[in-house]
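Have a look at start.pdb; it's PDB, C-alpha atoms and all ligand atoms:
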```pdb
ATOM      1  CA  MET A   1      18.435  11.557 -23.401  1.00  0.00           C
ATOM      2  CA  LEU A   2      15.090  12.570 -21.969  1.00  0.00           C
ATOM      3  CA  GLU A   3      14.346  16.288 -22.393  1.00  0.00           C
ATOM      4  CA  LEU A   4      12.790  17.374 -19.124  1.00  0.00           C
ATOM      5  CA  TYR A   5      11.010  20.674 -18.684  1.00  0.00           C
ATOM      6  CA  TRP A   6       9.522  22.356 -15.635  1.00  0.00           C
ATOM      7  CA  THR A   7       5.998  23.779 -15.481  1.00  0.00           C
ATOM      8  CA  HIS A   8       3.422  24.793 -12.928  1.00  0.00           C
ATOM      9  CA  PRO A   9       0.228  22.722 -12.910  1.00  0.00           C
ATOM     10  CA  SER A  10      -2.156  23.917 -15.633  1.00  0.00           C
ATOM     11  CA  ASN A  11      -5.946  23.676 -15.447  1.00  0.00           C
ATOM     12  CA  TYR A  12      -5.695  20.159 -16.859  1.00  0.00           C
ATOM     13  CA  ASP A  13      -3.122  18.890 -14.386  1.00  0.00           C
ATOM     14  CA  PRO A  14      -3.900  17.369 -10.995  1.00  0.00           C
ATOM     15  CA  LYS A  15      -3.273  19.774  -8.122  1.00  0.00           C
ATOM     16  CA  THR A  16      -2.542  17.113  -5.513  1.00  0.00           C
ATOM     17  CA  GLN A  17      -0.740  13.795  -5.271  1.00  0.00           C
ATOM     18  CA  THR A  18      -1.391  11.213  -2.574  1.00  0.00           C
ATOM     19  CA  TYR A  19       1.848  10.055  -0.950  1.00  0.00           C
ATOM     20  CA  SER A  20       3.380   9.159   2.376  1.00  0.00           C
ATOM     21  CA  CYS A  21       5.289  12.206   3.657  1.00  0.00           C
ATOM     22  CA  PRO A  22       8.862  11.161   4.540  1.00  0.00           C
ATOM     23  CA  TYR A  23       9.082  13.847   7.245  1.00  0.00           C
ATOM     24  CA  CYS A  24       5.882  13.393   9.253  1.00  0.00           C
ATOM     25  CA  ASN A  25       5.031   9.870   8.020  1.00  0.00           C
ATOM     26  CA  GLN A  26       1.424  10.706   7.268  1.00  0.00           C
ATOM     27  CA  THR A  27      -0.385   9.708   4.094  1.00  0.00           C
ATOM     28  CA  VAL A  28      -1.497  13.021   2.675  1.00  0.00           C
ATOM     29  CA  ALA A  29      -2.733  14.741  -0.483  1.00  0.00           C
ATOM     30  CA  GLY A  30       0.432  16.683  -1.298  1.00  0.00           C
ATOM     31  CA  ILE A  31       0.086  20.087  -2.964  1.00  0.00           C
ATOM     32  CA  ILE A  32       1.802  20.065  -6.361  1.00  0.00           C
ATOM     33  CA  HIS A  33       3.953  23.188  -6.916  1.00  0.00           C
ATOM     34  CA  ASP A  34       5.951  22.165  -9.969  1.00  0.00           C
ATOM     35  CA  LEU A  35       5.664  19.435 -12.550  1.00  0.00           C
ATOM     36  CA  ILE A  36       8.630  18.088 -14.459  1.00  0.00           C
ATOM     37  CA  LYS A  37       7.486  16.640 -17.767  1.00  0.00           C
ATOM     38  CA  PHE A  38       8.836  15.154 -20.956  1.00  0.00           C
ATOM     39  CA  ASP A  39       7.461  14.521 -24.444  1.00  0.00           C
ATOM     40  CA  GLY A  40       6.836  10.898 -25.211  1.00  0.00           C
ATOM     41  CA  ASN A  41       5.776   8.949 -28.254  1.00  0.00           C
ATOM     42  CA  HIS A  42       2.880   6.550 -27.837  1.00  0.00           C
ATOM     43  CA  PRO A  43       2.507   3.843 -30.538  1.00  0.00           C
ATOM     44  CA  SER A  44      -1.190   4.628 -31.163  1.00  0.00           C
ATOM     45  CA  LEU A  45      -1.723   8.017 -29.523  1.00  0.00           C
ATOM     46  CA  GLY A  46       1.257   9.672 -31.148  1.00  0.00           C
ATOM     47  CA  LYS A  47       3.003  12.469 -29.307  1.00  0.00           C
ATOM     48  CA  THR A  48       2.213  12.568 -25.612  1.00  0.00           C
ATOM     49  CA  THR A  49       3.266  14.634 -22.626  1.00  0.00           C
ATOM     50  CA  GLU A  50       4.204  12.597 -19.598  1.00  0.00           C
ATOM     51  CA  THR A  51       4.901  13.702 -16.066  1.00  0.00           C
ATOM     52  CA  ALA A  52       8.135  12.378 -14.641  1.00  0.00           C
ATOM     53  CA  TYR A  53       8.322  14.200 -11.293  1.00  0.00           C
ATOM     54  CA  SER A  54       6.532  16.738  -9.176  1.00  0.00           C
ATOM     55  CA  VAL A  55       7.682  18.987  -6.374  1.00  0.00           C
ATOM     56  CA  ILE A  56       5.091  18.610  -3.642  1.00  0.00           C
ATOM     57  CA  GLU A  57       4.355  20.205  -0.311  1.00  0.00           C
ATOM     58  CA  CYS A  58       3.002  18.220   2.628  1.00  0.00           C
ATOM     59  CA  PRO A  59      -0.193  19.934   3.849  1.00  0.00           C
ATOM     60  CA  ALA A  60       0.512  18.710   7.389  1.00  0.00           C
ATOM     61  CA  CYS A  61       4.161  19.671   7.963  1.00  0.00           C
ATOM     62  CA  HIS A  62       4.746  21.883   4.854  1.00  0.00           C
ATOM     63  CA  LYS A  63       8.038  20.195   3.982  1.00  0.00           C
ATOM     64  CA  PRO A  64       8.952  19.545   0.337  1.00  0.00           C
ATOM     65  CA  SER A  65       9.454  16.245  -1.436  1.00  0.00           C
ATOM     66  CA  VAL A  66      10.096  15.199  -4.992  1.00  0.00           C
ATOM     67  CA  TYR A  67       7.626  12.597  -6.191  1.00  0.00           C
ATOM     68  CA  LYS A  68       8.746  10.224  -8.938  1.00  0.00           C
ATOM     69  CA  TYR A  69       5.732   9.003 -10.912  1.00  0.00           C
ATOM     70  CA  GLY A  70       7.161   5.891 -12.582  1.00  0.00           C
ATOM     71  CA  GLU A  71       8.289   4.188  -9.394  1.00  0.00           C
ATOM     72  CA  GLN A  72       5.835   6.009  -7.100  1.00  0.00           C
ATOM     73  CA  ILE A  73       8.594   6.892  -4.663  1.00  0.00           C
ATOM     74  CA  THR A  74       9.637  10.118  -2.994  1.00  0.00           C
ATOM     75  CA  ALA A  75      12.961  11.794  -2.367  1.00  0.00           C
ATOM     76  CA  PRO A  76      13.881  11.829   0.424  1.00  0.00           C
ATOM     77  CA  PHE A  77      12.746   8.264   1.009  1.00  0.00           C
ATOM     78  CA  GLY A  78      10.021   7.629   3.529  1.00  0.00           C
ATOM     79  CA  LYS A  79      10.537   5.194   6.399  1.00  0.00           C
ATOM     80  CA  ALA A  80       8.773   1.836   6.484  1.00  0.00           C
ATOM     81  CA  LEU A  81       6.793   0.541   9.494  1.00  0.00           C
ATOM     82  CA  ARG A  82       6.006   2.813  12.423  1.00  0.00           C
ATOM     83  CA  SER A  83       7.966   4.279  15.299  1.00  0.00           C
ATOM     84  CA  VAL A  84       7.670   2.475  18.654  1.00  0.00           C
ATOM     85  CA  ASN A  85       7.636   4.294  21.991  1.00  0.00           C
ATOM     86  CA  HIS A  86       9.756   3.601  25.085  1.00  0.00           C
ATOM     87  CA  VAL A  87      12.394   1.548  23.256  1.00  0.00           C
ATOM     88  CA  PRO A  88      15.894   1.839  24.812  1.00  0.00           C
ATOM     89  CA  GLU A  89      18.044   4.318  22.891  1.00  0.00           C
ATOM     90  CA  LYS A  90      20.482   1.921  21.206  1.00  0.00           C
ATOM     91  CA  ILE A  91      17.854  -0.590  20.077  1.00  0.00           C
ATOM     92  CA  ASN A  92      15.703   2.265  18.854  1.00  0.00           C
ATOM     93  CA  ALA A  93      18.580   3.678  16.801  1.00  0.00           C
ATOM     94  CA  VAL A  94      19.007   0.290  15.128  1.00  0.00           C
ATOM     95  CA  TYR A  95      15.260  -0.081  14.583  1.00  0.00           C
ATOM     96  CA  GLU A  96      15.035   3.393  13.014  1.00  0.00           C
ATOM     97  CA  GLU A  97      17.863   2.397  10.687  1.00  0.00           C
ATOM     98  CA  VAL A  98      15.899  -0.723   9.697  1.00  0.00           C
ATOM     99  CA  ARG A  99      12.867   1.475   8.921  1.00  0.00           C
ATOM    100  CA  ALA A 100      14.963   3.841   6.830  1.00  0.00           C
ATOM    101  CA  GLY A 101      16.690   0.924   5.073  1.00  0.00           C
ATOM    102  CA  ILE A 102      13.427  -0.720   3.995  1.00  0.00           C
ATOM    103  CA  GLY A 103      12.079   2.672   2.854  1.00  0.00           C
ATOM    104  CA  ALA A 104      15.213   3.210   0.756  1.00  0.00           C
ATOM    105  CA  LYS A 105      15.037  -0.340  -0.686  1.00  0.00           C
ATOM    106  CA  CYS A 106      18.269  -1.389   1.112  1.00  0.00           C
ATOM    107  CA  TYR A 107      16.752  -4.758   1.915  1.00  0.00           C
ATOM    108  CA  THR A 108      19.867  -6.810   2.622  1.00  0.00           C
ATOM    109  CA  SER A 109      21.204  -4.355   5.172  1.00  0.00           C
ATOM    110  CA  ALA A 110      17.736  -4.114   6.766  1.00  0.00           C
ATOM    111  CA  VAL A 111      17.603  -7.915   7.185  1.00  0.00           C
ATOM    112  CA  ILE A 112      21.112  -8.100   8.656  1.00  0.00           C
ATOM    113  CA  LEU A 113      20.410  -5.234  11.041  1.00  0.00           C
ATOM    114  CA  SER A 114      17.045  -6.714  12.106  1.00  0.00           C
ATOM    115  CA  ARG A 115      18.770 -10.017  12.781  1.00  0.00           C
ATOM    116  CA  THR A 116      21.336  -8.308  14.993  1.00  0.00           C
ATOM    117  CA  ALA A 117      18.607  -6.417  16.863  1.00  0.00           C
ATOM    118  CA  LEU A 118      16.602  -9.616  17.457  1.00  0.00           C
ATOM    119  CA  MET A 119      19.654 -11.399  18.873  1.00  0.00           C
ATOM    120  CA  HIS A 120      20.422  -8.405  21.074  1.00  0.00           C
ATOM    121  CA  ILE A 121      16.856  -8.346  22.442  1.00  0.00           C
ATOM    122  CA  ALA A 122      16.941 -12.109  23.134  1.00  0.00           C
ATOM    123  CA  VAL A 123      20.191 -11.738  25.121  1.00  0.00           C
ATOM    124  CA  GLU A 124      18.720  -8.812  27.018  1.00  0.00           C
ATOM    125  CA  LYS A 125      15.735 -11.014  27.898  1.00  0.00           C
ATOM    126  CA  GLY A 126      17.983 -13.756  29.288  1.00  0.00           C
ATOM    127  CA  ALA A 127      19.151 -15.909  26.361  1.00  0.00           C
ATOM    128  CA  PRO A 128      22.791 -17.099  26.487  1.00  0.00           C
ATOM    129  CA  ASP A 129      25.032 -14.932  24.318  1.00  0.00           C
ATOM    130  CA  ASN A 130      26.621 -17.686  22.205  1.00  0.00           C
ATOM    131  CA  LEU A 131      23.624 -19.086  20.306  1.00  0.00           C
ATOM    132  CA  ASN A 132      22.983 -18.994  16.584  1.00  0.00           C
ATOM    133  CA  PHE A 133      20.185 -16.949  15.097  1.00  0.00           C
ATOM    134  CA  GLN A 134      17.676 -19.821  14.863  1.00  0.00           C
ATOM    135  CA  LYS A 135      18.162 -20.562  18.553  1.00  0.00           C
ATOM    136  CA  TYR A 136      17.581 -16.927  19.441  1.00  0.00           C
ATOM    137  CA  VAL A 137      14.335 -16.967  17.459  1.00  0.00           C
ATOM    138  CA  ASP A 138      13.333 -20.157  19.317  1.00  0.00           C
ATOM    139  CA  PHE A 139      14.133 -18.426  22.602  1.00  0.00           C
ATOM    140  CA  ILE A 140      11.934 -15.431  21.696  1.00  0.00           C
ATOM    141  CA  CYS A 141       9.074 -17.815  20.770  1.00  0.00           C
ATOM    142  CA  SER A 142       9.372 -19.932  23.905  1.00  0.00           C
ATOM    143  CA  ALA A 143       9.568 -16.817  26.079  1.00  0.00           C
ATOM    144  CA  GLY A 144       5.982 -16.119  24.989  1.00  0.00           C
ATOM    145  CA  TYR A 145       6.492 -13.077  22.756  1.00  0.00           C
ATOM    146  CA  VAL A 146       5.053 -14.738  19.662  1.00  0.00           C
ATOM    147  CA  PRO A 147       1.383 -15.710  19.214  1.00  0.00           C
ATOM    148  CA  PRO A 148       0.775 -19.479  18.770  1.00  0.00           C
ATOM    149  CA  ASN A 149      -0.548 -19.127  15.198  1.00  0.00           C
ATOM    150  CA  ALA A 150       2.626 -17.483  13.887  1.00  0.00           C
ATOM    151  CA  LYS A 151       4.453 -20.708  12.997  1.00  0.00           C
ATOM    152  CA  GLY A 152       4.594 -20.103   9.223  1.00  0.00           C
ATOM    153  CA  TRP A 153       5.948 -16.621   9.838  1.00  0.00           C
ATOM    154  CA  MET A 154       8.532 -17.819  12.326  1.00  0.00           C
ATOM    155  CA  ASP A 155       9.777 -20.565   9.997  1.00  0.00           C
ATOM    156  CA  LYS A 156      10.483 -17.935   7.345  1.00  0.00           C
ATOM    157  CA  ILE A 157      12.327 -15.769   9.832  1.00  0.00           C
ATOM    158  CA  ARG A 158      14.413 -18.691  11.115  1.00  0.00           C
ATOM    159  CA  LYS A 159      15.615 -19.201   7.514  1.00  0.00           C
ATOM    160  CA  MET A 160      17.161 -15.747   7.651  1.00  0.00           C
ATOM    161  CA  GLY A 161      19.788 -17.161   9.986  1.00  0.00           C
ATOM    162  CA  ASN A 162      23.468 -16.431   9.741  1.00  0.00           C
ATOM    163  CA  GLY A 163      24.943 -18.105   6.711  1.00  0.00           C
ATOM    164  CA  ALA A 164      28.622 -18.989   6.731  1.00  0.00           C
ATOM    165  CA  VAL A 165      30.889 -15.950   6.472  1.00  0.00           C
ATOM    166  CA  HIS A 166      31.810 -16.824   2.889  1.00  0.00           C
ATOM    167  CA  ASP A 167      28.132 -16.976   1.810  1.00  0.00           C
ATOM    168  CA  LEU A 168      27.176 -13.549   0.644  1.00  0.00           C
ATOM    169  CA  GLU A 169      23.437 -13.347   1.224  1.00  0.00           C
ATOM    170  CA  ILE A 170      21.220 -10.981  -0.724  1.00  0.00           C
ATOM    171  CA  TRP A 171      17.766 -10.327   0.679  1.00  0.00           C
ATOM    172  CA  GLY A 172      14.693  -8.931  -1.037  1.00  0.00           C
ATOM    173  CA  GLN A 173      11.764  -6.705  -0.161  1.00  0.00           C
ATOM    174  CA  GLU A 174       9.510  -9.463   1.166  1.00  0.00           C
ATOM    175  CA  ASP A 175      12.221 -10.785   3.521  1.00  0.00           C
ATOM    176  CA  ALA A 176      13.118  -7.339   4.812  1.00  0.00           C
ATOM    177  CA  GLU A 177       9.496  -6.375   5.407  1.00  0.00           C
ATOM    178  CA  LEU A 178       8.787  -9.652   7.190  1.00  0.00           C
ATOM    179  CA  ILE A 179      11.710  -9.529   9.612  1.00  0.00           C
ATOM    180  CA  GLY A 180      11.299  -5.753  10.058  1.00  0.00           C
ATOM    181  CA  LYS A 181       7.645  -6.232  10.961  1.00  0.00           C
ATOM    182  CA  PHE A 182       8.561  -8.998  13.393  1.00  0.00           C
ATOM    183  CA  LEU A 183      11.054  -6.676  15.048  1.00  0.00           C
ATOM    184  CA  MET A 184       8.429  -3.921  15.238  1.00  0.00           C
ATOM    185  CA  TYR A 185       5.816  -6.152  16.918  1.00  0.00           C
ATOM    186  CA  LEU A 186       8.409  -7.466  19.331  1.00  0.00           C
ATOM    187  CA  LEU A 187       9.416  -3.936  20.340  1.00  0.00           C
ATOM    188  CA  ILE A 188       5.740  -3.027  20.818  1.00  0.00           C
ATOM    189  CA  PHE A 189       5.132  -6.084  23.024  1.00  0.00           C
ATOM    190  CA  ILE A 190       8.305  -5.704  25.078  1.00  0.00           C
ATOM    191  CA  TYR A 191       8.641  -1.918  25.481  1.00  0.00           C
ATOM    192  CA  GLU A 192       5.590   0.020  24.345  1.00  0.00           C
ATOM    193  CA  LEU A 193       2.620  -1.963  25.712  1.00  0.00           C
ATOM    194  CA  PRO A 194       3.875  -2.462  29.281  1.00  0.00           C
ATOM    195  CA  SER A 195       4.610   1.248  29.674  1.00  0.00           C
ATOM    196  CA  SER A 196       1.175   2.275  28.372  1.00  0.00           C
ATOM    197  CA  ILE A 197      -0.795   0.186  30.887  1.00  0.00           C
TER     198      ILE A 197
HETATM  199 ZN    ZN A 201       4.636  15.959   6.301  1.00  0.00          ZN
END
```
Represent the structure from my file as C-alpha cells, please.
Ligand SMILES: [Zn+2]
Amino acid sequence: MLELYWTHPSNYDPKTQTYSCPYCNQTVAGIIHDLIKFDGNHPSLGKTTETAYSVIECPACHKPSVYKYGEQITAPFGKALRSVNHVPEKINAVYEEVRAGIGAKCYTSAVILSRTALMHIAVEKGAPDNLNFQKYVDFICSAGYVPPNAKGWMDKIRKMGNGAVHDLEIWGQEDAELIGKFLMYLLIFIYELPSSI
C-alpha cells in the first residue's frame, strides 16, 4: 500500500495550483496549504518523491478543496457547464443536477436527466405529451430554438433517445457533455436571453 505523508510546501514545491473552484466555479490559482506525498521508484531516476494530493484554498472564496494530481480532479467535485438565470425552479433543479452529475463523472445519469428535461421543456413549449424523445428533439428544432448549422449535433442527440426498457444504456463523457451543453444553450435561449433584453 502507498505510504502517504503530509508536508507543507517547501522552497522547492509550487505554492499554487490552477484549478476550477467547486464552490465559486472560477478558475483560480489555489493556495497550497498542505501536500500529501509518497515515495516512488522511477526506472531510470531511482527513488522519487511524488505528490498525490494537495489541500488548497480558493483565493476568491477562501473555501478548501482537495486536489488530486493524477486525475486532476478536486473533492468536492466541481460542476460542469455554467448556471443559467431566470430558469423556472423545477427545471433549474434538474439542470443543476445535470451539471453536478457531469462534474462527478456520473455520465449515464446526466444523459437520462438531460433527456427528461428536454422532453419537459418541449411539452411546456407546446409539444404533445406522448411523443418519443426523437420527436421532441424534432419539435425543439422546428420551433426555431436550434441554429440551422447544428444538424450533426442534433443527429447525435437524437440517438440518445429512449431505448427499450430492457436495454440498459451506459453513456460516456462525450455524450453527457453534448446533451448537457444542448440543454444549457436551450435554457439560455428560452429563459435567460428574453429576460435580459
Ligand atoms: Zn472559490
Exercise for review: Rank A:Met160, A:Ala104, A:Leu183, A:Met1 by their smallest atom-to-atom distance to Ala117 (chain A), using only C-alpha atoms, and report the top residue only.
Suggested key: A:Leu183
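Remark: for Leu131 (chain A), the closest of the candidate residues A:Pro43, A:Gly161, A:Gly152, A:Gly144 is A:Gly161 (distances computed over only C-alpha atoms).
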For the file shown, report as a PDB file with C-alpha atoms, in the frame of the given file the outcome of the PyMOL selection byres (((not hetatm)) within 8 of (chain A and resi 201)) at residue level.
```
ATOM      1  CA  SER A  20       3.380   9.159   2.376  1.00  0.00           C
ATOM      2  CA  CYS A  21       5.289  12.206   3.657  1.00  0.00           C
ATOM      3  CA  PRO A  22       8.862  11.161   4.540  1.00  0.00           C
ATOM      4  CA  TYR A  23       9.082  13.847   7.245  1.00  0.00           C
ATOM      5  CA  CYS A  24       5.882  13.393   9.253  1.00  0.00           C
ATOM      6  CA  ASN A  25       5.031   9.870   8.020  1.00  0.00           C
ATOM      7  CA  GLN A  26       1.424  10.706   7.268  1.00  0.00           C
ATOM      8  CA  VAL A  28      -1.497  13.021   2.675  1.00  0.00           C
ATOM      9  CA  GLU A  57       4.355  20.205  -0.311  1.00  0.00           C
ATOM     10  CA  CYS A  58       3.002  18.220   2.628  1.00  0.00           C
ATOM     11  CA  PRO A  59      -0.193  19.934   3.849  1.00  0.00           C
ATOM     12  CA  ALA A  60       0.512  18.710   7.389  1.00  0.00           C
ATOM     13  CA  CYS A  61       4.161  19.671   7.963  1.00  0.00           C
ATOM     14  CA  HIS A  62       4.746  21.883   4.854  1.00  0.00           C
ATOM     15  CA  LYS A  63       8.038  20.195   3.982  1.00  0.00           C
TER      16      LYS A  63
END
```
Check your understanding: Residues at most 12 Å from region 96-103 of chain A, counting only C-alpha atoms, excluding those fewer than 4 positions away in the same chain, as a PyMOL selection string?
Key -> chain A and resi 20-23+25+73-85+87-92+107-118+171-184+187
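CA of Thr48 (chain A) to CA of Asn11 (chain A) spans 17.1 Å [interatomic distance, one decimal].
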Exercise for review: List the residues matched by the PyMOL selection byres (((chain A and resi 18) around 8) and not hetatm) in the displayed structure as number ranges by chain, ordered by chain and then by residue number.
Suggested key: A: 16-17, 19-20, 27-30
Point to revise | Distance criterion (all atoms listed in the file): nearest to Leu35 (chain A) out of A:Tyr95, A:Tyr185, A:Tyr67, A:Trp153 | key: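 Answer, going by the shortest atom-to-atom distance: A:Tyr67.
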Write out as a compact mmCIF listing (two decimals) with C-alpha atoms, in the frame of the given file each polymer residue whose atoms come within 7 Å of Val66 (chain A), counting only C-alpha atoms; drop sequence neighbours fewer than 2 positions from it.
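Wrote it out as result02.txt, contents follow:
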```
# COMPACT_ATOMS: atom_id res chain seq x y z
CA TYR A 53 8.32 14.20 -11.29
CA SER A 54 6.53 16.74 -9.18
CA VAL A 55 7.68 18.99 -6.37
CA ILE A 56 5.09 18.61 -3.64
CA PRO A 64 8.95 19.55 0.34
CA LYS A 68 8.75 10.22 -8.94
CA THR A 74 9.64 10.12 -2.99
CA ALA A 75 12.96 11.79 -2.37
```
Review point. Hey, which of A:Ala52, A:Leu186, A:Leu168, A:Leu193 ends up closest to Val137 (chain A)? Count all atoms listed in the file.
Key: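 For Val137 (chain A), the nearest of the candidates is A:Leu186.
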Point to revise | Gap from CA of Thr49 (chain A) to CA of Lys37 (chain A) - Å, one decimal | key: 6.7 Å
Practice item. Check the smallest atom-to-atom distance from each of A:Ala143, A:Ile197, A:Leu45, A:Met154 to Val123 (chain A) using all atoms listed in the file, then report the winner. Key: A:Ala143
Exercise for review: Mind giving me the straight-line distance from CA of Ile170 (chain A) to CA of Phe189 (chain A) in Å, one decimal?
Suggested key: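 Taking CA of Ile170 (chain A) as the start and CA of Phe189 (chain A) as the end point, the length is 29.1 Å.
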